[in-house]
$ cat final29.cif   # mmCIF, C-alpha atoms (C1' of nucleotides)
data_coords
#
loop_
_atom_site.label_atom_id
_atom_site.label_comp_id
_atom_site.auth_asym_id
_atom_site.auth_seq_id
_atom_site.Cartn_x
_atom_site.Cartn_y
_atom_site.Cartn_z
CA MET A 1 256.03 244.84 47.00
CA ASN A 2 256.43 241.23 45.92
CA THR A 3 259.56 239.21 45.18
CA GLU A 4 259.68 240.21 41.52
CA ASP A 5 259.55 243.85 42.46
CA LYS A 6 262.33 243.33 44.96
CA SER A 7 264.57 241.95 42.24
CA LEU A 8 263.93 244.93 40.03
CA PHE A 9 264.49 247.25 42.92
CA GLN A 10 267.75 245.54 43.72
CA PHE A 11 268.71 245.70 40.07
CA PHE A 12 268.41 249.48 39.94
CA ASN A 13 270.17 249.70 43.24
CA GLU A 14 273.18 247.87 41.81
CA ILE A 15 273.07 250.01 38.70
CA GLY A 16 273.19 253.12 40.86
CA ILE A 17 276.17 251.95 42.88
CA ILE A 18 278.10 250.77 39.83
CA ASN A 19 277.42 254.09 38.21
CA GLN A 20 278.67 255.92 41.27
CA LEU A 21 281.85 253.88 41.50
CA SER A 22 282.67 253.91 37.79
CA SER A 23 281.95 257.62 37.46
CA ALA A 24 284.31 258.33 40.33
CA LEU A 25 286.95 256.20 38.64
CA PHE A 26 286.50 257.95 35.34
CA GLN A 27 286.32 261.35 36.96
CA ALA A 28 289.66 260.88 38.67
CA ARG A 29 291.35 260.31 35.32
CA LEU A 30 289.73 263.02 33.25
CA PRO A 31 292.19 265.75 32.35
CA ASP A 32 291.81 269.35 33.41
CA GLY A 33 289.02 268.93 35.91
CA LEU A 34 286.66 268.07 33.10
CA HIS A 35 283.46 266.62 34.48
CA VAL A 36 281.98 263.30 33.39
CA SER A 37 278.94 265.10 32.03
CA HIS A 38 281.19 267.22 29.80
CA PHE A 39 282.97 264.20 28.46
CA ALA A 40 279.67 262.43 27.89
CA VAL A 41 278.55 265.20 25.54
CA LEU A 42 281.82 265.18 23.62
CA ASN A 43 281.60 261.42 23.32
CA HIS A 44 278.02 261.60 22.14
CA LEU A 45 278.92 264.09 19.43
CA VAL A 46 281.85 262.01 18.25
CA ARG A 47 279.88 258.79 18.18
CA LEU A 48 276.65 260.03 16.65
CA GLY A 49 277.87 263.06 14.76
CA ASP A 50 277.87 266.73 15.67
CA GLU A 51 275.70 269.46 14.18
CA LYS A 52 273.04 268.74 16.78
CA THR A 53 270.88 271.30 18.54
CA PRO A 54 271.28 271.78 22.30
CA LEU A 55 267.77 270.51 22.87
CA ALA A 56 268.42 267.36 20.89
CA ILE A 57 271.47 266.66 23.04
CA ALA A 58 269.55 267.37 26.22
CA ASN A 59 266.87 264.93 25.14
CA ALA A 60 269.43 262.28 24.29
CA PHE A 61 270.76 262.44 27.84
CA GLN A 62 267.36 262.98 29.36
CA VAL A 63 268.47 266.07 31.24
CA PRO A 64 266.65 269.42 31.40
CA LYS A 65 267.64 271.86 28.71
CA THR A 66 268.85 274.31 31.33
CA THR A 67 271.42 271.78 32.39
CA MET A 68 272.57 271.38 28.81
CA THR A 69 272.85 275.13 28.35
CA HIS A 70 275.28 275.15 31.23
CA THR A 71 277.25 272.10 30.08
CA LEU A 72 277.60 273.47 26.56
CA ALA A 73 278.72 276.84 27.89
CA VAL A 74 281.57 275.14 29.71
CA LEU A 75 282.58 273.16 26.64
CA GLU A 76 282.44 276.25 24.46
CA LYS A 77 284.49 278.31 26.87
CA ARG A 78 287.18 275.63 26.65
CA TYR A 79 286.95 275.57 22.84
CA PHE A 80 285.89 271.91 22.71
CA ILE A 81 282.78 272.84 20.78
CA ARG A 82 281.50 275.88 18.94
CA MET A 83 277.92 276.95 18.52
CA ALA A 84 276.40 278.62 15.48
CA PRO A 85 272.91 279.90 14.78
CA HIS A 86 270.63 277.36 13.19
CA GLU A 87 270.37 277.81 9.43
CA THR A 88 266.61 277.79 9.17
CA ASP A 89 265.27 278.08 12.73
CA GLY A 90 266.00 281.41 14.36
CA ARG A 91 265.22 280.07 17.84
CA SER A 92 267.80 277.37 17.66
CA LYS A 93 271.54 276.81 17.64
CA VAL A 94 273.77 274.09 16.25
CA VAL A 95 276.68 272.50 18.08
CA PHE A 96 279.92 271.60 16.28
CA LEU A 97 282.93 269.73 17.62
CA THR A 98 286.28 271.47 17.30
CA ASP A 99 289.55 269.66 16.65
CA ALA A 100 290.44 270.25 20.29
CA GLY A 101 287.14 268.66 21.29
CA ARG A 102 287.78 265.53 19.23
CA GLN A 103 291.28 265.35 20.64
CA MET A 104 290.00 265.66 24.19
CA GLN A 105 287.55 262.82 23.62
CA ARG A 106 290.39 260.61 22.36
CA ASP A 107 292.60 261.57 25.30
CA ALA A 108 289.87 260.89 27.84
CA ILE A 109 289.17 257.50 26.36
CA SER A 110 292.79 256.48 26.29
CA SER A 111 293.21 257.61 29.90
CA MET A 112 290.78 254.84 30.82
CA ASP A 113 292.70 252.25 28.90
CA GLY A 114 294.63 250.92 31.90
CA PRO A 115 291.70 250.41 34.27
CA LEU A 116 289.53 248.92 31.53
CA ARG A 117 292.19 246.41 30.60
CA GLN A 118 292.71 245.57 34.25
CA MET A 119 289.01 244.89 34.66
CA ALA A 120 288.91 242.80 31.52
CA ASP A 121 291.78 240.74 32.88
CA ASP A 122 290.36 240.33 36.37
CA LEU A 123 286.71 239.75 35.62
CA GLY A 124 286.88 238.47 32.08
CA ALA A 125 285.74 240.47 29.10
CA GLU A 126 282.96 237.94 28.44
CA LEU A 127 281.21 239.06 31.58
CA PHE A 128 280.68 242.45 30.02
CA THR A 129 279.95 241.39 26.48
CA GLU A 130 277.36 238.95 27.80
CA LEU A 131 275.65 241.59 29.87
CA LEU A 132 275.49 244.18 27.12
CA PRO A 133 272.49 242.96 25.12
CA ALA A 134 270.30 242.71 28.20
CA LEU A 135 271.35 246.13 29.41
CA GLU A 136 270.58 247.57 26.00
CA ARG A 137 267.12 246.09 26.19
CA VAL A 138 266.51 247.73 29.56
CA ARG A 139 267.93 251.02 28.38
CA THR A 140 265.84 251.05 25.24
CA TYR A 141 262.74 250.18 27.23
CA LEU A 142 263.29 252.99 29.72
CA ASP A 143 264.07 255.36 26.90
CA THR A 144 260.75 254.68 25.21
CA HIS A 145 258.74 254.70 28.45
CA ARG A 146 259.86 257.93 30.01
CA ASP A 147 256.34 258.95 30.94
CA MET A 148 255.70 255.72 32.82
CA MET B 1 291.57 250.88 22.58
CA ASN B 2 290.87 247.33 21.46
CA THR B 3 287.58 245.50 21.03
CA GLU B 4 287.49 244.23 24.59
CA ASP B 5 287.97 247.72 25.93
CA LYS B 6 285.19 248.97 23.67
CA SER B 7 282.80 246.46 25.19
CA LEU B 8 283.67 247.56 28.68
CA PHE B 9 283.36 251.17 27.70
CA GLN B 10 279.98 250.50 26.17
CA PHE B 11 278.98 248.60 29.30
CA PHE B 12 279.61 251.58 31.57
CA ASN B 13 277.95 253.82 29.06
CA GLU B 14 274.77 251.75 29.26
CA ILE B 15 274.99 251.70 33.04
CA GLY B 16 275.18 255.49 33.06
CA ILE B 17 272.19 255.94 30.80
CA ILE B 18 270.07 253.41 32.68
CA ASN B 19 270.99 255.14 35.90
CA GLN B 20 270.01 258.50 34.49
CA LEU B 21 266.68 257.28 33.17
CA SER B 22 265.72 255.23 36.21
CA SER B 23 266.74 257.98 38.62
CA ALA B 24 264.55 260.41 36.74
CA LEU B 25 261.71 257.93 37.00
CA PHE B 26 262.18 257.49 40.76
CA GLN B 27 262.64 261.17 41.28
CA ALA B 28 259.37 262.04 39.60
CA ARG B 29 257.48 259.81 42.00
CA LEU B 30 259.21 260.61 45.26
CA PRO B 31 256.96 262.51 47.64
CA ASP B 32 257.69 265.96 49.00
CA GLY B 33 260.55 266.87 46.73
CA LEU B 34 262.67 264.25 48.39
CA HIS B 35 265.80 263.60 46.34
CA VAL B 36 266.92 260.14 45.22
CA SER B 37 270.02 260.44 47.38
CA HIS B 38 267.87 261.07 50.45
CA PHE B 39 265.70 258.09 49.74
CA ALA B 40 268.74 255.93 49.11
CA VAL B 41 269.99 256.60 52.62
CA LEU B 42 266.62 255.84 54.20
CA ASN B 43 266.43 252.66 52.19
CA HIS B 44 269.93 251.64 53.21
CA LEU B 45 269.12 252.11 56.89
CA VAL B 46 265.90 250.13 56.62
CA ARG B 47 267.52 247.28 54.72
CA LEU B 48 270.75 246.95 56.65
CA GLY B 49 269.73 248.38 59.99
CA ASP B 50 270.17 251.84 61.44
CA GLU B 51 272.52 252.84 64.25
CA LYS B 52 275.25 253.46 61.67
CA THR B 53 277.77 256.26 61.75
CA PRO B 54 277.68 258.95 59.04
CA LEU B 55 281.06 257.83 57.76
CA ALA B 56 279.93 254.22 57.45
CA ILE B 57 276.97 255.37 55.37
CA ALA B 58 279.17 257.60 53.23
CA ASN B 59 281.50 254.66 52.58
CA ALA B 60 278.61 252.39 51.70
CA PHE B 61 277.54 254.81 48.98
CA GLN B 62 281.06 255.74 48.03
CA VAL B 63 280.39 259.45 48.41
CA PRO B 64 282.59 261.94 50.28
CA LYS B 65 281.72 262.36 53.91
CA THR B 66 280.95 266.03 53.28
CA THR B 67 278.18 264.99 50.96
CA MET B 68 276.77 262.68 53.61
CA THR B 69 276.87 265.43 56.22
CA HIS B 70 274.63 267.47 53.96
CA THR B 71 272.29 264.60 53.10
CA LEU B 72 271.87 263.63 56.74
CA ALA B 73 271.23 267.23 57.72
CA VAL B 74 268.31 267.35 55.29
CA LEU B 75 266.91 264.06 56.57
CA GLU B 76 267.25 265.20 60.16
CA LYS B 77 265.58 268.54 59.49
CA ARG B 78 262.62 266.62 58.10
CA TYR B 79 262.61 264.28 61.10
CA PHE B 80 263.24 261.15 59.02
CA ILE B 81 266.30 260.36 61.09
CA ARG B 82 267.78 261.52 64.36
CA MET B 83 271.42 261.64 65.29
CA ALA B 84 272.93 260.94 68.68
CA PRO B 85 276.49 261.06 69.97
CA HIS B 86 278.36 257.80 69.69
CA GLU B 87 278.42 255.88 72.97
CA THR B 88 282.13 255.20 73.09
CA ASP B 89 283.72 257.38 70.41
CA GLY B 90 283.47 261.08 71.11
CA ARG B 91 284.31 262.02 67.53
CA SER B 92 281.45 260.10 66.07
CA LYS B 93 277.68 260.16 65.78
CA VAL B 94 275.08 257.48 65.31
CA VAL B 95 272.13 257.69 62.94
CA PHE B 96 268.71 256.33 63.88
CA LEU B 97 265.61 256.03 61.76
CA THR B 98 262.46 257.65 63.10
CA ASP B 99 258.99 256.25 62.59
CA ALA B 100 258.40 258.99 60.02
CA GLY B 101 261.56 257.89 58.23
CA ARG B 102 260.46 254.29 58.03
CA GLN B 103 257.06 255.38 56.84
CA MET B 104 258.60 257.57 54.15
CA GLN B 105 260.70 254.67 52.91
CA ARG B 106 257.58 252.51 52.64
CA ASP B 107 255.67 255.26 50.84
CA ALA B 108 258.50 255.86 48.40
CA ILE B 109 258.78 252.19 47.60
CA SER B 110 255.10 251.72 47.09
CA SER B 111 255.03 254.76 44.80
CA MET B 112 257.31 252.77 42.50
CA ASP B 113 255.16 249.71 42.59
CA GLY B 114 253.29 250.50 39.38
CA PRO B 115 256.29 251.17 37.16
CA LEU B 116 258.24 248.21 38.56
CA ARG B 117 255.35 245.85 37.92
CA GLN B 118 254.95 247.28 34.45
CA MET B 119 258.60 246.64 33.70
CA ALA B 120 258.43 243.12 35.10
CA ASP B 121 255.45 242.46 32.84
CA ASP B 122 256.96 243.98 29.71
CA LEU B 123 260.54 242.78 29.98
CA GLY B 124 260.12 239.73 32.16
CA ALA B 125 261.33 239.57 35.74
CA GLU B 126 263.84 236.87 34.78
CA LEU B 127 265.81 239.44 32.79
CA PHE B 128 266.55 241.27 36.00
CA THR B 129 267.08 238.31 38.29
CA GLU B 130 269.50 236.84 35.76
CA LEU B 131 271.49 240.04 35.54
CA LEU B 132 271.79 240.56 39.26
CA PRO B 133 274.62 238.15 40.11
CA ALA B 134 276.87 239.52 37.38
CA LEU B 135 276.16 243.09 38.38
CA GLU B 136 276.97 242.25 41.97
CA ARG B 137 280.31 240.83 40.86
CA VAL B 138 281.12 244.05 39.00
CA ARG B 139 280.00 246.18 41.91
CA THR B 140 282.03 244.21 44.42
CA TYR B 141 285.06 244.38 42.18
CA LEU B 142 284.82 248.14 41.76
CA ASP B 143 284.21 248.50 45.46
CA THR B 144 287.43 246.72 46.32
CA HIS B 145 289.48 248.44 43.61
CA ARG B 146 288.65 252.06 44.25
CA ASP B 147 292.24 253.14 43.89
CA MET B 148 292.65 251.55 40.48
"C1'" DA C 1 248.18 289.26 7.71
"C1'" DT C 2 247.07 288.46 12.59
"C1'" DC C 3 247.11 286.32 16.72
"C1'" DA C 4 247.06 282.41 20.00
"C1'" DT C 5 249.98 278.78 21.04
"C1'" DA C 6 254.17 276.00 20.87
"C1'" DT C 7 259.08 275.65 20.82
"C1'" DT C 8 264.10 276.92 21.68
"C1'" DG C 9 267.24 278.74 24.50
"C1'" DT C 10 268.63 281.71 28.59
"C1'" DA C 11 268.70 284.04 33.40
"C1'" DC C 12 268.15 283.25 38.00
"C1'" DG C 13 267.69 281.07 42.38
"C1'" DA C 14 267.62 276.77 45.17
"C1'" DT C 15 269.75 272.70 46.18
"C1'" DG C 16 273.11 268.68 45.54
"C1'" DT C 17 278.00 267.24 45.17
"C1'" DC C 18 282.60 267.50 46.38
"C1'" DG C 19 287.57 268.94 47.65
"C1'" DA C 20 290.40 271.59 50.99
"C1'" DA C 21 290.97 273.19 55.38
"C1'" DC C 22 289.64 272.96 60.07
"C1'" DT C 23 288.19 271.20 65.00
"C1'" DA C 24 287.71 267.67 68.25
"C1'" DT C 25 288.70 263.25 69.77
"C1'" DA C 26 291.21 258.75 69.67
"C1'" DT C 27 295.28 255.90 69.41
"C1'" DG C 28 299.80 254.24 69.87
"C1'" DG C 29 304.60 254.77 70.83
"C1'" DA C 30 308.42 257.09 73.47
"C1'" DT D 1 302.12 260.91 80.74
"C1'" DC D 2 303.00 263.26 76.47
"C1'" DC D 3 302.94 263.93 71.84
"C1'" DA D 4 302.69 262.75 66.85
"C1'" DT D 5 299.50 260.93 63.96
"C1'" DA D 6 295.04 259.16 62.52
"C1'" DT D 7 290.11 259.51 62.31
"C1'" DA D 8 285.05 261.60 62.45
"C1'" DG D 9 282.62 265.24 61.38
"C1'" DT D 10 281.80 270.20 59.95
"C1'" DT D 11 282.53 274.58 57.41
"C1'" DC D 12 283.37 276.86 53.33
"C1'" DG D 13 283.83 277.75 48.52
"C1'" DA D 14 283.36 276.06 43.66
"C1'" DC D 15 280.69 273.99 40.48
"C1'" DA D 16 276.69 270.80 38.64
"C1'" DT D 17 271.84 270.11 38.34
"C1'" DC D 18 267.29 271.51 37.87
"C1'" DG D 19 262.64 274.11 38.19
"C1'" DT D 20 260.49 278.54 37.19
"C1'" DA D 21 260.01 282.39 34.61
"C1'" DC D 22 261.11 284.77 30.59
"C1'" DA D 23 262.42 286.47 25.58
"C1'" DA D 24 262.67 285.36 20.84
"C1'" DT D 25 261.03 282.88 17.07
"C1'" DA D 26 257.98 279.50 14.65
"C1'" DT D 27 253.58 277.50 13.48
"C1'" DG D 28 248.88 277.04 12.43
"C1'" DA D 29 244.19 278.54 12.41
"C1'" DT D 30 241.31 282.16 11.00
#

$ encode --input "final29.cif" --output "structure tokens"
Amino acid sequence: MNTEDKSLFQFFNEIGIINQLSSALFQARLPDGLHVSHFAVLNHLVRLGDEKTPLAIANAFQVPKTTMTHTLAVLEKRYFIRMAPHETDGRSKVVFLTDAGRQMQRDAISSMDGPLRQMADDLGAELFTELLPALERVRTYLDTHRDM
Amino acid sequence: MNTEDKSLFQFFNEIGIINQLSSALFQARLPDGLHVSHFAVLNHLVRLGDEKTPLAIANAFQVPKTTMTHTLAVLEKRYFIRMAPHETDGRSKVVFLTDAGRQMQRDAISSMDGPLRQMADDLGAELFTELLPALERVRTYLDTHRDM
DNA sequence: ATCATATTGTACGATGTCGAACTATATGGA
DNA sequence: TCCATATAGTTCGACATCGTACAATATGAT
């Protein structure tokens, strides 16, 4: 492994630790014992629209469909989503957000307001806005090279 | 939530997705059915030296000590580490790498050589080296503000 | 129309993650 | 010295994640 590789390795190492720390932070503030993965699905549906199939959501998060089955079951049991049979494909289902689900997404986001503002104050919001484009490049690249 | 907050939120969102995608990539190439979390511990011990206590390792990764107990048990069962009583503190243990453990770390790293080189070629290694300092700042900040 | 194959989702079992409660040892003050 | 408190690690139970196998439906070739 050469120096370049080491930098990349270190990069993903930092990503992993930041993810661990920020998830823990988020987790601690989520209401109800809701898990980060549950919120992530709600957030995805709010941002990109609901009426998605379970498989489409699983693919978006790059998790196995069995995992998504479980996650959606939790969300449905708590009435944050509802699932209906697909109109034209008998094998499939469609996921809809409920009002409670949209509300929960808003609540979860606003629960992070304090810490986010604190970070913006302490580290400077520019730090994050400047990093974003590069991170998006990496994310898009990984997303389109999953079979690498 | 204002615009600044949105940027920060988006930042952690990207971090999460990159982590998910890169972990999946690592995972698929790890020998033996070794999990990313197991490799991470081996890697930590190689990089920063072994002879650490379980709690010190747990703190380094910001995971509960119960999680580390489990992770270390797996590594010990596979003879990648061995654990001995602490010399001066009867409550504690000390973790040592075995030769097999060091070898496994090398193997795991070299199994990622192809993808890492590919990424360096496609995206440019500078992208990653330039991001590193900022990511380290964020990581350090989160690390020292766990109670936020 | 029929049938081989692909696709969508689920059931189940194995393992990873984590919080609460517990045991053993260490530490510091009376 | 004795005891209250703190710390290191484990056990246990709950839940998340994921691979394998499976059932139901769709698709496409004949």

$ calpha_fit_and_write --input "final29.cif" --fixed "chain B" --moving "chain A" --output "tab-separated table (two decimals) with C-alpha atoms, keeping the file's coordinate frame"
chain	number	residue	atom	x	y	z
A	1	MET	CA	291.85	250.84	23.06
A	2	ASN	CA	291.09	247.35	21.79
A	3	THR	CA	287.77	245.60	21.22
A	4	GLU	CA	287.56	244.24	24.76
A	5	ASP	CA	288.04	247.70	26.16
A	6	LYS	CA	285.35	249.03	23.88
A	7	SER	CA	282.88	246.54	25.27
A	8	LEU	CA	283.66	247.55	28.81
A	9	PHE	CA	283.44	251.17	27.88
A	10	GLN	CA	280.09	250.59	26.26
A	11	PHE	CA	278.97	248.65	29.30
A	12	PHE	CA	279.59	251.57	31.64
A	13	ASN	CA	278.01	253.87	29.14
A	14	GLU	CA	274.79	251.85	29.24
A	15	ILE	CA	274.93	251.71	33.01
A	16	GLY	CA	275.18	255.49	33.13
A	17	ILE	CA	272.22	256.04	30.84
A	18	ILE	CA	270.05	253.47	32.62
A	19	ASN	CA	270.93	255.10	35.89
A	20	GLN	CA	269.99	258.50	34.53
A	21	LEU	CA	266.66	257.31	33.17
A	22	SER	CA	265.67	255.22	36.18
A	23	SER	CA	266.69	257.92	38.64
A	24	ALA	CA	264.54	260.42	36.79
A	25	LEU	CA	261.65	257.97	36.91
A	26	PHE	CA	262.09	257.37	40.60
A	27	GLN	CA	262.63	261.03	41.32
A	28	ALA	CA	259.35	261.99	39.70
A	29	ARG	CA	257.46	259.71	42.08
A	30	LEU	CA	259.20	260.50	45.33
A	31	PRO	CA	256.95	262.38	47.71
A	32	ASP	CA	257.68	265.85	49.00
A	33	GLY	CA	260.54	266.73	46.70
A	34	LEU	CA	262.68	264.15	48.42
A	35	HIS	CA	265.81	263.49	46.41
A	36	VAL	CA	266.95	260.05	45.29
A	37	SER	CA	270.06	260.39	47.42
A	38	HIS	CA	267.90	260.98	50.50
A	39	PHE	CA	265.80	257.94	49.80
A	40	ALA	CA	268.91	255.87	49.17
A	41	VAL	CA	270.15	256.58	52.69
A	42	LEU	CA	266.80	255.75	54.26
A	43	ASN	CA	266.68	252.54	52.27
A	44	HIS	CA	270.20	251.64	53.28
A	45	LEU	CA	269.39	252.11	56.95
A	46	VAL	CA	266.24	250.03	56.70
A	47	ARG	CA	267.92	247.22	54.81
A	48	LEU	CA	271.17	247.00	56.74
A	49	GLY	CA	270.12	248.42	60.08
A	50	ASP	CA	270.48	251.89	61.53
A	51	GLU	CA	272.80	252.98	64.32
A	52	LYS	CA	275.51	253.69	61.77
A	53	THR	CA	277.96	256.57	61.85
A	54	PRO	CA	277.79	259.22	59.12
A	55	LEU	CA	281.20	258.20	57.86
A	56	ALA	CA	280.19	254.57	57.59
A	57	ILE	CA	277.20	255.58	55.48
A	58	ALA	CA	279.32	257.85	53.33
A	59	ASN	CA	281.73	255.00	52.71
A	60	ALA	CA	278.91	252.62	51.85
A	61	PHE	CA	277.77	254.98	49.11
A	62	GLN	CA	281.28	255.99	48.16
A	63	VAL	CA	280.53	259.68	48.50
A	64	PRO	CA	282.63	262.28	50.34
A	65	LYS	CA	281.72	262.73	53.97
A	66	THR	CA	280.85	266.36	53.34
A	67	THR	CA	278.13	265.21	51.01
A	68	MET	CA	276.78	262.88	53.66
A	69	THR	CA	276.80	265.63	56.27
A	70	HIS	CA	274.52	267.59	53.99
A	71	THR	CA	272.25	264.66	53.13
A	72	LEU	CA	271.85	263.71	56.78
A	73	ALA	CA	271.08	267.30	57.73
A	74	VAL	CA	268.19	267.30	55.29
A	75	LEU	CA	266.87	263.99	56.59
A	76	GLU	CA	267.17	265.16	60.18
A	77	LYS	CA	265.42	268.43	59.49
A	78	ARG	CA	262.50	266.42	58.11
A	79	TYR	CA	262.54	264.09	61.13
A	80	PHE	CA	263.28	260.98	59.05
A	81	ILE	CA	266.36	260.28	61.11
A	82	ARG	CA	267.81	261.50	64.38
A	83	MET	CA	271.44	261.76	65.31
A	84	ALA	CA	272.95	261.14	68.73
A	85	PRO	CA	276.50	261.41	70.01
A	86	HIS	CA	278.47	258.22	69.75
A	87	GLU	CA	278.59	256.32	73.04
A	88	THR	CA	282.32	255.79	73.19
A	89	ASP	CA	283.85	258.00	70.49
A	90	GLY	CA	283.48	261.70	71.16
A	91	ARG	CA	284.31	262.61	67.56
A	92	SER	CA	281.51	260.60	66.13
A	93	LYS	CA	277.73	260.50	65.86
A	94	VAL	CA	275.22	257.72	65.39
A	95	VAL	CA	272.27	257.82	63.01
A	96	PHE	CA	268.88	256.34	63.96
A	97	LEU	CA	265.79	255.94	61.81
A	98	THR	CA	262.59	257.46	63.14
A	99	ASP	CA	259.15	255.95	62.63
A	100	ALA	CA	258.49	258.66	60.06
A	101	GLY	CA	261.69	257.66	58.27
A	102	ARG	CA	260.69	254.00	58.07
A	103	GLN	CA	257.26	255.03	56.88
A	104	MET	CA	258.73	257.26	54.19
A	105	GLN	CA	260.89	254.42	52.93
A	106	ARG	CA	257.82	252.18	52.66
A	107	ASP	CA	255.84	254.90	50.90
A	108	ALA	CA	258.62	255.60	48.42
A	109	ILE	CA	258.96	251.94	47.59
A	110	SER	CA	255.27	251.44	47.08
A	111	SER	CA	255.12	254.52	44.85
A	112	MET	CA	257.34	252.62	42.44
A	113	ASP	CA	255.12	249.60	42.46
A	114	GLY	CA	253.23	250.50	39.29
A	115	PRO	CA	256.22	251.21	37.04
A	116	LEU	CA	258.12	248.18	38.33
A	117	ARG	CA	255.21	245.88	37.62
A	118	GLN	CA	254.80	247.43	34.19
A	119	MET	CA	258.44	246.77	33.41
A	120	ALA	CA	258.21	243.22	34.69
A	121	ASP	CA	255.24	242.66	32.41
A	122	ASP	CA	256.79	244.27	29.34
A	123	LEU	CA	260.34	243.00	29.56
A	124	GLY	CA	259.89	239.90	31.64
A	125	ALA	CA	261.05	239.62	35.21
A	126	GLU	CA	263.57	236.94	34.21
A	127	LEU	CA	265.56	239.52	32.33
A	128	PHE	CA	266.30	241.26	35.59
A	129	THR	CA	266.77	238.24	37.80
A	130	GLU	CA	269.20	236.82	35.25
A	131	LEU	CA	271.23	239.99	35.14
A	132	LEU	CA	271.47	240.42	38.89
A	133	PRO	CA	274.26	237.96	39.73
A	134	ALA	CA	276.57	239.38	37.08
A	135	LEU	CA	275.87	242.93	38.15
A	136	GLU	CA	276.60	241.99	41.74
A	137	ARG	CA	279.92	240.58	40.67
A	138	VAL	CA	280.83	243.83	38.93
A	139	ARG	CA	279.64	245.90	41.85
A	140	THR	CA	281.57	243.86	44.36
A	141	TYR	CA	284.68	244.04	42.21
A	142	LEU	CA	284.49	247.82	41.89
A	143	ASP	CA	283.78	248.12	45.57
A	144	THR	CA	286.95	246.25	46.48
A	145	HIS	CA	289.10	247.99	43.87
A	146	ARG	CA	288.34	251.61	44.55
A	147	ASP	CA	291.98	252.63	44.36
A	148	MET	CA	292.43	251.10	40.92

$ atom_distance --input "final29.cif" --atom1 "CA of Ser110 in chain A" --atom2 "CA of Leu131 in chain B"
28.5 Å

$ resolve_selection --input "final29.cif" --expression "the PyMOL selection byres ((chain D and resi 24-28) around 12)" --output "PDB file with C-alpha atoms (C1' of nucleotides), keeping the file's coordinate frame"
ATOM      1  CA  HIS A  86     270.630 277.360  13.190  1.00  0.00           C
ATOM      2  CA  THR A  88     266.610 277.790   9.170  1.00  0.00           C
ATOM      3  CA  ASP A  89     265.270 278.080  12.730  1.00  0.00           C
ATOM      4  CA  GLY A  90     266.000 281.410  14.360  1.00  0.00           C
ATOM      5  CA  ARG A  91     265.220 280.070  17.840  1.00  0.00           C
ATOM      6  CA  SER A  92     267.800 277.370  17.660  1.00  0.00           C
TER       7      SER A  92
ATOM      8  C1'  DT C   2     247.070 288.460  12.590  1.00  0.00           C
ATOM      9  C1'  DC C   3     247.110 286.320  16.720  1.00  0.00           C
ATOM     10  C1'  DA C   4     247.060 282.410  20.000  1.00  0.00           C
ATOM     11  C1'  DT C   5     249.980 278.780  21.040  1.00  0.00           C
ATOM     12  C1'  DA C   6     254.170 276.000  20.870  1.00  0.00           C
ATOM     13  C1'  DT C   7     259.080 275.650  20.820  1.00  0.00           C
ATOM     14  C1'  DT C   8     264.100 276.920  21.680  1.00  0.00           C
ATOM     15  C1'  DG C   9     267.240 278.740  24.500  1.00  0.00           C
ATOM     16  C1'  DT C  10     268.630 281.710  28.590  1.00  0.00           C
TER      17       DT C  10
ATOM     18  C1'  DC D  22     261.110 284.770  30.590  1.00  0.00           C
ATOM     19  C1'  DA D  23     262.420 286.470  25.580  1.00  0.00           C
ATOM     20  C1'  DA D  29     244.190 278.540  12.410  1.00  0.00           C
ATOM     21  C1'  DT D  30     241.310 282.160  11.000  1.00  0.00           C
TER      22       DT D  30
END

$ interface_residues --input "final29.cif" --of "chain A" --to "chain B" --cutoff "7 Å" --atoms "only C-alpha atoms" --output "PDB file with C-alpha atoms, keeping the file's coordinate frame"
ATOM      1  CA  MET A   1     256.030 244.840  47.000  1.00  0.00           C
ATOM      2  CA  GLU A   4     259.680 240.210  41.520  1.00  0.00           C
ATOM      3  CA  ASP A   5     259.550 243.850  42.460  1.00  0.00           C
ATOM      4  CA  SER A   7     264.570 241.950  42.240  1.00  0.00           C
ATOM      5  CA  LEU A   8     263.930 244.930  40.030  1.00  0.00           C
ATOM      6  CA  PHE A  11     268.710 245.700  40.070  1.00  0.00           C
ATOM      7  CA  GLU A  14     273.180 247.870  41.810  1.00  0.00           C
ATOM      8  CA  ILE A  15     273.070 250.010  38.700  1.00  0.00           C
ATOM      9  CA  GLY A  16     273.190 253.120  40.860  1.00  0.00           C
ATOM     10  CA  ILE A  17     276.170 251.950  42.880  1.00  0.00           C
ATOM     11  CA  ILE A  18     278.100 250.770  39.830  1.00  0.00           C
ATOM     12  CA  ASN A  19     277.420 254.090  38.210  1.00  0.00           C
ATOM     13  CA  LEU A  21     281.850 253.880  41.500  1.00  0.00           C
ATOM     14  CA  GLN A  62     267.360 262.980  29.360  1.00  0.00           C
ATOM     15  CA  SER A 110     292.790 256.480  26.290  1.00  0.00           C
ATOM     16  CA  ASP A 113     292.700 252.250  28.900  1.00  0.00           C
ATOM     17  CA  PRO A 115     291.700 250.410  34.270  1.00  0.00           C
ATOM     18  CA  LEU A 116     289.530 248.920  31.530  1.00  0.00           C
ATOM     19  CA  ARG A 117     292.190 246.410  30.600  1.00  0.00           C
ATOM     20  CA  ALA A 125     285.740 240.470  29.100  1.00  0.00           C
ATOM     21  CA  PHE A 128     280.680 242.450  30.020  1.00  0.00           C
ATOM     22  CA  THR A 129     279.950 241.390  26.480  1.00  0.00           C
ATOM     23  CA  LEU A 132     275.490 244.180  27.120  1.00  0.00           C
ATOM     24  CA  LEU A 135     271.350 246.130  29.410  1.00  0.00           C
ATOM     25  CA  GLU A 136     270.580 247.570  26.000  1.00  0.00           C
ATOM     26  CA  ARG A 139     267.930 251.020  28.380  1.00  0.00           C
ATOM     27  CA  LEU A 142     263.290 252.990  29.720  1.00  0.00           C
ATOM     28  CA  MET A 148     255.700 255.720  32.820  1.00  0.00           C
TER      29      MET A 148
END
